[in-house]
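query.txt, holding compact mmCIF, C-alpha atoms:
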# COMPACT_ATOMS: atom_id res chain seq x y z
CA MET A 1 47.96 -51.97 0.58
CA LYS A 2 50.22 -48.93 0.23
CA ARG A 3 48.93 -45.50 1.18
CA PHE A 4 50.45 -43.81 -1.88
CA GLU A 5 48.59 -46.22 -4.18
CA CYS A 6 45.31 -45.33 -2.44
CA LEU A 7 46.07 -41.64 -2.87
CA LYS A 8 46.84 -42.14 -6.58
CA ILE A 9 43.39 -43.66 -7.02
CA LEU A 10 41.82 -40.83 -5.08
CA ALA A 11 43.66 -38.18 -7.10
CA SER A 12 42.48 -39.72 -10.36
CA ALA A 13 38.87 -39.85 -9.17
CA LEU A 14 38.63 -36.47 -7.48
CA ASP A 15 36.88 -33.49 -9.05
CA PRO A 16 39.40 -30.61 -9.30
CA SER A 17 37.02 -28.35 -7.38
CA ALA A 18 36.84 -30.66 -4.37
CA LEU A 19 38.26 -29.18 -1.19
CA MET A 20 40.82 -31.33 0.59
CA VAL A 21 41.79 -31.24 4.25
CA ALA A 22 44.73 -33.46 5.18
CA ASN A 23 46.58 -34.07 8.38
CA VAL A 24 50.17 -33.16 9.08
CA GLY A 25 52.76 -35.80 8.25
CA PRO A 26 53.46 -38.05 5.28
CA ILE A 27 49.83 -37.97 4.10
CA SER A 28 50.04 -34.27 3.27
CA ARG A 29 53.39 -34.65 1.54
CA GLU A 30 52.18 -37.56 -0.57
CA TRP A 31 48.91 -35.82 -1.48
CA ASN A 32 50.73 -32.65 -2.46
CA ALA A 33 52.91 -34.67 -4.83
CA LEU A 34 49.83 -36.08 -6.51
CA ARG A 35 47.50 -33.06 -6.54
CA PRO A 36 49.19 -29.76 -5.79
CA SER A 37 46.36 -27.26 -5.59
CA ASP A 38 45.19 -24.21 -3.71
CA ALA A 39 42.09 -26.27 -2.92
CA ASN A 40 44.25 -28.29 -0.52
CA LEU A 41 44.42 -27.45 3.15
CA LEU A 42 47.41 -29.54 4.16
CA GLN A 43 49.31 -30.17 7.40
CA VAL A 44 46.31 -29.65 9.67
CA ASN A 45 47.49 -30.66 13.08
CA LEU A 46 46.65 -33.71 15.15
CA GLY A 47 42.98 -34.26 15.92
CA LEU A 48 41.68 -31.32 13.91
CA CYS A 49 41.14 -32.48 10.31
CA ALA A 50 37.60 -33.66 10.93
CA ALA A 51 36.62 -30.49 12.77
CA VAL A 52 38.06 -28.19 10.10
CA GLY A 53 36.44 -30.30 7.39
CA MET A 54 33.13 -30.10 9.22
CA GLY A 55 33.35 -26.29 9.30
CA LEU A 56 34.06 -26.20 5.57
CA ALA A 57 31.30 -28.65 4.73
CA ILE A 58 28.66 -26.84 6.76
CA SER A 59 29.62 -23.46 5.35
CA LEU A 60 29.92 -24.57 1.72
CA PRO A 61 27.24 -27.26 1.40
CA HIS A 62 27.42 -27.20 -2.41
CA ARG A 63 31.15 -28.08 -2.42
CA GLN A 64 32.56 -31.54 -1.94
CA VAL A 65 34.88 -31.75 1.07
CA VAL A 66 37.35 -34.62 1.35
CA ILE A 67 39.11 -35.25 4.63
CA LEU A 68 42.32 -37.26 4.56
CA ASP A 69 42.88 -38.44 8.08
CA GLY A 70 45.28 -40.74 9.83
CA ASP A 71 44.34 -43.18 12.57
CA GLY A 72 46.36 -41.41 15.25
CA ASN A 73 45.09 -38.08 14.07
CA LEU A 74 41.44 -39.08 14.32
CA LEU A 75 41.89 -40.96 17.59
CA LEU A 76 42.89 -37.74 19.33
CA ASN A 77 39.46 -36.24 18.75
CA LEU A 78 37.00 -39.08 18.21
CA ALA A 79 34.09 -36.93 19.38
CA SER A 80 34.34 -35.02 16.11
CA LEU A 81 32.75 -38.06 14.43
CA ALA A 82 29.68 -37.70 16.63
CA ASP A 83 29.45 -33.96 16.00
CA MET A 84 29.78 -34.45 12.24
CA ALA A 85 27.14 -37.18 12.19
CA ASN A 86 24.66 -34.93 13.94
CA GLN A 87 25.11 -32.31 11.21
CA GLU A 88 23.75 -34.80 8.64
CA LEU A 89 26.27 -33.59 6.08
CA LYS A 90 25.70 -34.37 2.41
CA ASN A 91 29.06 -33.35 1.03
CA VAL A 92 31.79 -35.14 2.98
CA VAL A 93 34.08 -38.02 2.12
CA HIS A 94 36.18 -38.80 5.17
CA ILE A 95 39.02 -41.19 4.41
CA VAL A 96 41.17 -42.58 7.20
CA LEU A 97 44.46 -44.04 6.06
CA ASP A 98 44.90 -46.43 8.95
CA ASN A 99 48.44 -47.75 9.24
CA GLU A 100 47.95 -48.59 12.92
CA ALA A 101 50.86 -46.35 13.85
CA TYR A 102 52.02 -42.85 14.56
CA GLU A 103 54.23 -42.90 11.50
CA GLY A 104 55.03 -39.20 11.49
CA GLY A 105 55.88 -39.42 15.16
CA GLY A 106 58.34 -42.30 14.95
CA GLY A 107 56.17 -45.30 14.12
CA LEU A 108 54.84 -46.42 17.49
CA ARG A 109 51.60 -48.41 17.46
CA SER A 110 48.28 -46.59 17.63
CA ALA A 111 45.17 -47.94 19.33
CA THR A 112 43.96 -49.43 16.02
CA ALA A 113 46.93 -51.82 16.20
CA GLY A 114 45.21 -53.10 19.32
CA LYS A 115 41.49 -53.35 19.89
CA ALA A 116 40.12 -50.08 18.46
CA ASN A 117 38.01 -50.31 15.31
CA LEU A 118 37.45 -46.93 13.67
CA ALA A 119 34.68 -48.19 11.39
CA LEU A 120 32.64 -49.44 14.34
CA ILE A 121 33.31 -46.21 16.20
CA ALA A 122 32.10 -44.20 13.20
CA GLU A 123 28.95 -46.32 12.95
CA GLY A 124 28.39 -45.89 16.65
CA ALA A 125 28.77 -42.14 16.24
CA GLY A 126 25.90 -42.21 13.77
CA ILE A 127 27.64 -42.20 10.38
CA LYS A 128 25.71 -44.44 7.99
CA ASN A 129 28.00 -44.88 4.98
CA VAL A 130 30.97 -46.68 6.47
CA HIS A 131 33.38 -48.91 4.55
CA VAL A 132 36.60 -50.73 5.36
CA ALA A 133 39.06 -51.40 2.53
CA THR A 134 41.90 -53.86 2.91
CA GLY A 135 42.73 -54.09 -0.80
CA LEU A 136 43.15 -51.56 -3.60
CA ASP A 137 40.23 -52.87 -5.67
CA PHE A 138 37.78 -52.41 -2.85
CA PHE A 139 39.29 -49.06 -1.89
CA GLU A 140 38.85 -47.80 -5.46
CA LYS A 141 35.24 -48.99 -5.54
CA ALA A 142 34.43 -47.46 -2.15
CA ALA A 143 36.22 -44.17 -2.87
CA ARG A 144 34.66 -43.71 -6.30
CA GLU A 145 31.17 -44.51 -5.02
CA ALA A 146 31.63 -42.12 -2.11
CA LEU A 147 32.87 -39.33 -4.37
CA GLN A 148 29.97 -39.79 -6.76
CA SER A 149 27.11 -39.79 -4.28
CA ALA A 150 25.83 -37.20 -1.83
CA GLY A 151 26.16 -38.01 1.83
CA HIS A 152 28.63 -38.33 4.64
CA HIS A 153 30.94 -41.19 3.74
CA PHE A 154 33.57 -42.70 5.99
CA VAL A 155 36.17 -45.01 4.46
CA VAL A 156 38.85 -46.73 6.49
CA ALA A 157 41.75 -47.86 4.30
CA LYS A 158 43.97 -50.33 6.10
CA VAL A 159 47.43 -49.49 4.77
CA GLU A 160 51.01 -50.51 5.40
CA LYS A 161 53.45 -48.30 7.18
CA GLY A 162 55.98 -46.49 5.02
CA SER A 163 56.03 -43.52 2.71
CA VAL A 164 57.45 -42.89 -0.74
CA PRO A 165 61.04 -41.64 -0.92
CA GLU A 166 62.05 -38.50 -2.76
CA LEU A 167 58.76 -36.67 -2.74
CA PRO A 168 58.82 -32.89 -3.03
CA THR A 169 59.13 -31.16 0.31
CA LEU A 170 56.15 -29.11 1.44
CA THR A 171 57.26 -25.51 1.28
CA LEU A 172 54.14 -23.70 2.50
CA ASP A 173 53.71 -22.80 6.13
CA GLY A 174 50.24 -22.39 7.61
CA LYS A 175 50.03 -18.68 6.99
CA GLU A 176 50.80 -18.95 3.28
CA ALA A 177 48.50 -21.96 2.99
CA LYS A 178 45.74 -19.92 4.63
CA TYR A 179 46.08 -17.07 2.15
CA ARG A 180 46.21 -19.41 -0.83
CA PHE A 181 43.19 -21.40 0.29
CA ALA A 182 41.16 -18.33 1.22
CA ARG A 183 41.99 -16.64 -2.10
CA TYR A 184 40.97 -19.83 -3.90
CA ILE A 185 37.61 -19.79 -2.12
CA GLU A 186 37.23 -16.11 -2.92
CA ARG A 187 37.86 -16.81 -6.63
CA THR A 188 35.62 -19.83 -6.88
CA GLU A 189 32.82 -18.64 -4.61
CA GLY A 190 32.82 -14.97 -5.54
CA LYS A 191 33.06 -13.78 -1.95
CA GLN A 192 35.56 -11.73 0.00
CA ILE A 193 37.22 -13.40 2.98
CA LEU A 194 40.48 -11.57 3.51
CA LYS A 195 40.38 -7.96 4.58
CA PRO A 196 36.71 -7.37 3.90
CA ARG A 197 35.53 -3.80 4.20
CA TYR A 198 34.62 -3.45 7.83
CA THR A 199 32.17 -0.66 8.44
CA HIS A 200 32.35 -0.46 12.22
CA ILE A 201 35.90 0.82 12.55
CA MET F 1 25.65 -18.08 37.55
CA LYS F 2 23.99 -17.13 34.33
CA LEU F 3 24.29 -14.51 31.68
CA GLN F 4 21.57 -12.04 32.66
CA PRO F 5 18.55 -11.60 30.35
CA ARG F 6 19.49 -8.05 29.29
CA ALA F 7 23.01 -9.22 28.66
CA VAL F 8 21.69 -12.01 26.45
CA GLU F 9 19.92 -9.41 24.33
CA GLU F 10 23.05 -7.27 24.14
CA VAL F 11 25.18 -10.23 23.08
CA LEU F 12 22.73 -11.21 20.35
CA GLN F 13 22.57 -7.65 19.11
CA GLY F 14 26.35 -7.33 19.17
CA LEU F 15 26.89 -10.59 17.29
CA LYS F 16 24.44 -9.57 14.59
CA LYS F 17 25.82 -6.07 14.21
CA ALA F 18 29.33 -7.50 14.02
CA GLY F 19 28.24 -9.77 11.16
CA VAL F 20 28.81 -13.02 13.05
CA ASP F 21 26.92 -15.75 11.21
CA PHE F 22 28.47 -18.99 12.51
CA VAL F 23 28.48 -19.90 16.19
CA SER F 24 29.98 -22.99 17.74
CA LEU F 25 29.29 -23.93 21.33
CA LEU F 26 29.27 -26.65 23.91
CA PRO F 27 26.21 -26.57 26.16
CA ASP F 28 27.11 -24.53 29.23
CA SER F 29 24.97 -23.45 32.15
CA ASP F 30 26.25 -19.87 32.14
CA PHE F 31 25.29 -19.41 28.51
CA SER F 32 22.23 -21.70 28.34
CA GLU F 33 19.66 -19.04 27.44
CA LEU F 34 21.99 -17.41 24.93
CA GLN F 35 22.80 -20.76 23.39
CA GLU F 36 19.14 -21.58 22.98
CA ARG F 37 18.47 -18.22 21.37
CA VAL F 38 21.43 -18.61 19.00
CA GLY F 39 20.32 -22.12 18.10
CA ASN F 40 16.83 -20.92 17.22
CA ASP F 41 17.93 -17.83 15.30
CA LEU F 42 18.13 -18.22 11.55
CA ASP F 43 20.78 -15.49 11.35
CA PHE F 44 23.27 -17.95 12.80
CA THR F 45 24.57 -21.32 11.70
CA CYS F 46 24.80 -22.96 15.11
CA VAL F 47 27.20 -25.87 15.50
CA PRO F 48 27.09 -27.69 18.84
CA VAL F 49 30.27 -29.62 19.61
CA SER F 50 31.35 -32.20 22.16
CA ASN F 51 34.50 -30.37 23.16
CA GLU F 52 35.73 -26.85 22.57
CA ALA F 53 38.74 -27.97 20.55
CA ILE F 54 36.36 -29.25 17.90
CA GLY F 55 34.60 -25.90 18.06
CA VAL F 56 37.81 -24.03 17.24
CA GLY F 57 38.45 -26.38 14.31
CA ALA F 58 34.91 -25.96 12.99
CA CYS F 59 35.21 -22.18 13.26
CA ALA F 60 38.53 -22.29 11.39
CA GLY F 61 36.91 -24.19 8.54
CA ALA F 62 33.97 -21.80 8.58
CA TRP F 63 36.19 -18.72 8.37
CA LEU F 64 38.16 -20.20 5.49
CA SER F 65 34.81 -20.67 3.75
CA GLY F 66 33.84 -17.03 4.13
CA LYS F 67 31.82 -17.17 7.33
CA LYS F 68 32.35 -14.95 10.36
CA PRO F 69 32.56 -17.37 13.26
CA ALA F 70 32.37 -16.99 17.02
CA LEU F 71 33.01 -19.55 19.73
CA LEU F 72 30.98 -19.38 22.94
CA VAL F 73 33.39 -20.88 25.41
CA PRO F 74 33.48 -21.03 29.21
CA THR F 75 36.70 -20.44 31.13
CA SER F 76 37.04 -24.20 31.64
CA GLY F 77 36.51 -24.90 27.93
CA LEU F 78 39.17 -22.35 27.05
CA LEU F 79 41.68 -24.80 28.51
CA VAL F 80 40.35 -27.56 26.26
CA ALA F 81 40.56 -25.22 23.26
CA THR F 82 44.21 -24.25 23.78
CA TRP F 83 45.59 -26.90 21.44
CA PRO F 84 43.78 -25.72 18.28
CA LEU F 85 44.02 -22.09 19.37
CA THR F 86 47.77 -22.70 19.22
CA SER F 87 48.17 -25.15 16.33
CA LEU F 88 45.51 -23.58 14.09
CA CYS F 89 44.78 -20.00 15.07
CA MET F 90 48.26 -19.00 16.19
CA ALA F 91 50.24 -21.04 13.66
CA TRP F 92 48.05 -20.24 10.66
CA GLY F 93 47.02 -16.72 11.68
CA LEU F 94 43.27 -17.33 11.80
CA PRO F 95 40.74 -14.91 13.25
CA LEU F 96 38.16 -16.04 15.79
CA LEU F 97 35.85 -14.17 18.13
CA LEU F 98 35.82 -15.81 21.57
CA LEU F 99 32.94 -14.97 23.87
CA ILE F 100 33.71 -16.07 27.42
CA PRO F 101 31.52 -15.87 30.54
CA TYR F 102 34.17 -15.12 33.13
CA ARG F 103 33.55 -17.80 35.72
CA GLY F 104 36.16 -17.54 38.42
CA ASP F 105 36.39 -13.78 38.34
CA ILE F 106 36.39 -11.99 41.69
CA GLY F 107 32.86 -12.27 43.09
CA ASP F 108 32.26 -15.81 41.84
CA ALA F 109 31.49 -17.65 45.09
CA PHE F 110 31.75 -21.22 43.77
CA TRP F 111 35.05 -22.69 44.97
CA LEU F 112 35.42 -24.89 41.91
CA MET F 113 35.66 -21.80 39.70
CA GLY F 114 38.57 -20.32 41.64
CA PRO F 115 41.33 -21.82 39.47
CA TYR F 116 40.00 -20.05 36.40
CA LYS F 117 41.05 -16.71 37.88
CA ASP F 118 44.57 -18.08 37.73
CA THR F 119 44.31 -19.57 34.24
CA THR F 120 42.04 -17.42 32.06
CA GLU F 121 43.83 -14.12 31.60
CA PRO F 122 47.39 -15.53 31.65
CA LEU F 123 46.31 -18.16 29.12
CA LEU F 124 44.90 -15.56 26.76
CA ARG F 125 48.12 -13.57 27.04
CA VAL F 126 50.30 -16.62 26.40
CA LEU F 127 48.23 -17.44 23.33
CA HIS F 128 48.60 -13.86 22.08
CA ILE F 129 44.83 -13.38 22.23
CA PRO F 130 43.94 -9.78 23.05
CA PHE F 131 40.86 -9.45 25.24
CA VAL F 132 38.45 -6.93 26.66
CA THR F 133 36.68 -7.47 29.98
CA VAL F 134 33.11 -6.17 30.08
CA ALA F 135 31.34 -5.66 33.42
CA LYS F 136 28.46 -3.42 32.32
CA THR F 137 25.59 -4.72 30.24
CA GLU F 138 25.31 -1.63 28.03
CA GLU F 139 28.94 -2.07 26.94
CA ILE F 140 28.58 -5.62 25.64
CA SER F 141 27.40 -4.93 22.12
CA LYS F 142 30.11 -2.40 21.30
CA ALA F 143 32.78 -4.64 22.80
CA ILE F 144 31.69 -7.52 20.55
CA ILE F 145 31.61 -5.30 17.47
CA ASP F 146 35.06 -3.90 18.26
CA ALA F 147 36.50 -7.35 19.00
CA GLN F 148 35.13 -8.70 15.73
CA GLY F 149 36.69 -5.81 13.83
CA SER F 150 40.02 -6.47 15.50
CA THR F 151 40.03 -10.23 14.95
CA ILE F 152 39.37 -9.70 11.23
CA SER F 153 41.98 -6.98 10.91
CA TRP F 154 44.65 -8.65 12.99
CA GLN F 155 44.06 -12.22 11.78
CA ARG F 156 44.23 -13.72 15.23
CA PRO F 157 41.62 -14.53 17.89
CA VAL F 158 40.23 -11.79 20.09
CA ALA F 159 38.22 -12.47 23.25
CA VAL F 160 35.40 -10.73 25.10
CA LEU F 161 35.18 -11.68 28.78
CA LEU F 162 31.78 -11.11 30.38
CA THR F 163 31.78 -10.40 34.11
CA GLY F 164 30.31 -8.01 36.71
CA GLU F 165 26.60 -7.30 36.33
CA THR F 166 26.37 -9.25 33.07
CA ILE F 167 26.71 -12.62 34.77
CA LYS F 168 25.18 -13.38 38.14

As a first step, turn the structure in this file into structure tokens.
Amino acid sequence: MKRFECLKILASALDPSALMVANVGPISREWNALRPSDANLLQVNLGLCAAVGMGLAISLPHRQVVILDGDGNLLLNLASLADMANQELKNVVHIVLDNEAYEGGGGLRSATAGKANLALIAEGAGIKNVHVATGLDFFEKAAREALQSAGHHFVVAKVEKGSVPELPTLTLDGKEAKYRFARYIERTEGKQILKPRYTHI
Amino acid sequence: MKLQPRAVEEVLQGLKKAGVDFVSLLPDSDFSELQERVGNDLDFTCVPVSNEAIGVGACAGAWLSGKKPALLVPTSGLLVATWPLTSLCMAWGLPLLLLIPYRGDIGDAFWLMGPYKDTTEPLLRVLHIPFVTVAKTEEISKAIIDAQGSTISWQRPVAVLLTGETIK
């Protein structure tokens, strides 16, 4: 199963208002090619996608938050699964595109190429809606069901290594991405985030 | 050592006056009473985490959602938090109020805390995190309010270190 094919399915199923957090590396580049949007928070660094997604999901419980993680990315901070589970979130779809490698870092094997099983770890952390997809049909079914029902869903997609050539380069750095995302939230939530009037100084 | 009862009140008052409404924390003996009060106070969304790096990430997501977050973090946990303080807060320019009981400051008799005198202030400087050190209880609230104003204006973390009579 190819990662880009999974992302195509996800892009076709996703509500345009859904907030997306994706980890740095090919995942962000591929997702940006499929759904460029200010609702994307791309290139979040290793181990932090789940934590950032948790902060978004807790703070905006009426918005759907999708986390696009990699296996190496999630492995760095597995405890975030336990912390998320304890929040009993109703608005999170956490998708791990597990290619069993640190593809963005040169392709060396990750722990899931050995004995680690992220689905079992997620269940052990207390997440109830856990699925493992090894084929596109099942991935589409699991992703669509997760996107259409409230809860905290965790989907592991076992994908091949390798990205798609000739995708557009990501041109935003973190600072510009921050402003775009925050302005998007301001527009869609009717609140001021950047430079609010501060009465104490 | 613990944050003293009057200091707990001052911190709570300062956080509320500063508009902080999202607090992430890892259970810590120095802050235990404060953490319990924050957890039971409906003015705060309290998010316990299993390591401080997750706390920084959660606060980043909260700020991008329109919340005003603070991280209660001990001097040891600051070391754990350095990765996201660098790769999120520094790289993206994200504000965050850090509230730090200054274990390892001069006067802390526990030998295991000694290294944090060497790490805490240099680490904050390296991470470009301005900080204020508060030794008097009556100065806590204003320091928190000022630090919150600065973190919002400057779009980078600002820290309040609590020492002296505030923590014994």

As a PyMOL selection string, could you give me every residue of chain A near chain F (at most 10 Å apart, counting all atoms listed in the file)? chain A and resi 21+41+44-60+77-84+86-87+173-179+181-186+189-201

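Shortest atom-to-atom contact with Glu138 (chain F) among F:Leu42, F:Leu162, F:Leu26, F:Leu98: F:Leu162, counting only C-alpha atoms.
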
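Among the candidate residues A:Arg3, A:His152, A:Arg180, A:Arg144, the one lying nearest to Leu42 (chain A) is A:Arg180, with distances computed using only C-alpha atoms.
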
Using all atoms listed in the file, which protein or nucleic acid residues come within 9 Å of Tyr102 (chain F)? Drop anything in the same chain fewer than 4 positions from it, and give the result as JSON, numbers by chain. {"F": [74, 75, 108, 116, 117, 120, 133, 161, 162, 163, 164, 167]}

May I have the protein, DNA and RNA residues with an atom at most 12 Å from (46.5, -15.8, 29.1), counting all atoms listed in the file in the file's coordinates, returned as a ChimeraX atom specification? /F:75,78-79,82,85,116-131,158-159

Would you save the residues from that selection as a PDB file, in the frame of the given file, using C-alpha atoms?
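Done, and the output landed in result29.pdb:
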ATOM      1  CA  THR F  75      36.700 -20.440  31.130  1.00  0.00           C
ATOM      2  CA  LEU F  78      39.170 -22.350  27.050  1.00  0.00           C
ATOM      3  CA  LEU F  79      41.680 -24.800  28.510  1.00  0.00           C
ATOM      4  CA  THR F  82      44.210 -24.250  23.780  1.00  0.00           C
ATOM      5  CA  LEU F  85      44.020 -22.090  19.370  1.00  0.00           C
ATOM      6  CA  TYR F 116      40.000 -20.050  36.400  1.00  0.00           C
ATOM      7  CA  LYS F 117      41.050 -16.710  37.880  1.00  0.00           C
ATOM      8  CA  ASP F 118      44.570 -18.080  37.730  1.00  0.00           C
ATOM      9  CA  THR F 119      44.310 -19.570  34.240  1.00  0.00           C
ATOM     10  CA  THR F 120      42.040 -17.420  32.060  1.00  0.00           C
ATOM     11  CA  GLU F 121      43.830 -14.120  31.600  1.00  0.00           C
ATOM     12  CA  PRO F 122      47.390 -15.530  31.650  1.00  0.00           C
ATOM     13  CA  LEU F 123      46.310 -18.160  29.120  1.00  0.00           C
ATOM     14  CA  LEU F 124      44.900 -15.560  26.760  1.00  0.00           C
ATOM     15  CA  ARG F 125      48.120 -13.570  27.040  1.00  0.00           C
ATOM     16  CA  VAL F 126      50.300 -16.620  26.400  1.00  0.00           C
ATOM     17  CA  LEU F 127      48.230 -17.440  23.330  1.00  0.00           C
ATOM     18  CA  HIS F 128      48.600 -13.860  22.080  1.00  0.00           C
ATOM     19  CA  ILE F 129      44.830 -13.380  22.230  1.00  0.00           C
ATOM     20  CA  PRO F 130      43.940  -9.780  23.050  1.00  0.00           C
ATOM     21  CA  PHE F 131      40.860  -9.450  25.240  1.00  0.00           C
ATOM     22  CA  VAL F 158      40.230 -11.790  20.090  1.00  0.00           C
ATOM     23  CA  ALA F 159      38.220 -12.470  23.250  1.00  0.00           C
TER      24      ALA F 159
END

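Interatomic distance, CA of Pro36 (chain A) against CA of Thr169 (chain A): 11.7 Å.
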
So what do you get for CA of Phe4 (chain A) versus CA of Leu136 (chain A), distance-wise? 10.8 Å

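Between Met1 (chain A) and the candidates A:Asp15, A:Glu145, A:Asp137, A:Glu166, the tightest atom-to-atom separation, counting all atoms listed in the file, involves A:Asp137.
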
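Neighbours of Val65 (chain A) closer than or equal to 7 Å, with only C-alpha atoms counted and sequence neighbours fewer than 3 positions away skipped, come out as A:Ala18, A:Leu19, A:Met20, A:Gly53, A:Ala57, A:Asn91, A:Val92, A:Val93.
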
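Summary of the local environment: counting only C-alpha atoms, residues at most 8 Å from region 118-126 of chain A, other than itself and those fewer than 5 positions away along its chain, are Asp71, Leu81, Ala82, Ala85, Asn86, Thr112, His131, Val132, Phe154, Val155 and Val156 of chain A.
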
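Remark: residues at most 10 Å from position (48.1, -34.6, -0.1) in file coordinates are Phe4, Leu7, Ala11, Met20, Val21, Ala22, Asn23, Val24, Gly25, Pro26, Ile27, Ser28, Arg29, Glu30, Trp31, Asn32, Ala33, Leu34, Arg35, Pro36, Ser37, Asn40, Leu41, Leu42, Gln43, Leu68 and Leu170 of chain A, using only C-alpha atoms.
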
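The space between CA of Asp21 (chain F) and CA of Ala150 (chain A) spans 25.1 Å.
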
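Distances here use all atoms listed in the file; by that measure, the residue among A:Asn129, A:Leu75, A:Ala116, A:Gly162 closest to Ala143 (chain A) is A:Asn129.
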
Name the residues in contact with Glu36 (chain F) at a cut-off of 12 Å, using only C-alpha atoms, excluding same-chain residues fewer than 3 positions from it; report them as a count of residues only. 20

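Using only C-alpha atoms for every distance, the candidate list F:Leu112, F:Leu71, F:Val80, F:Ala7 yields F:Leu71 as the residue closest to Pro95 (chain F).
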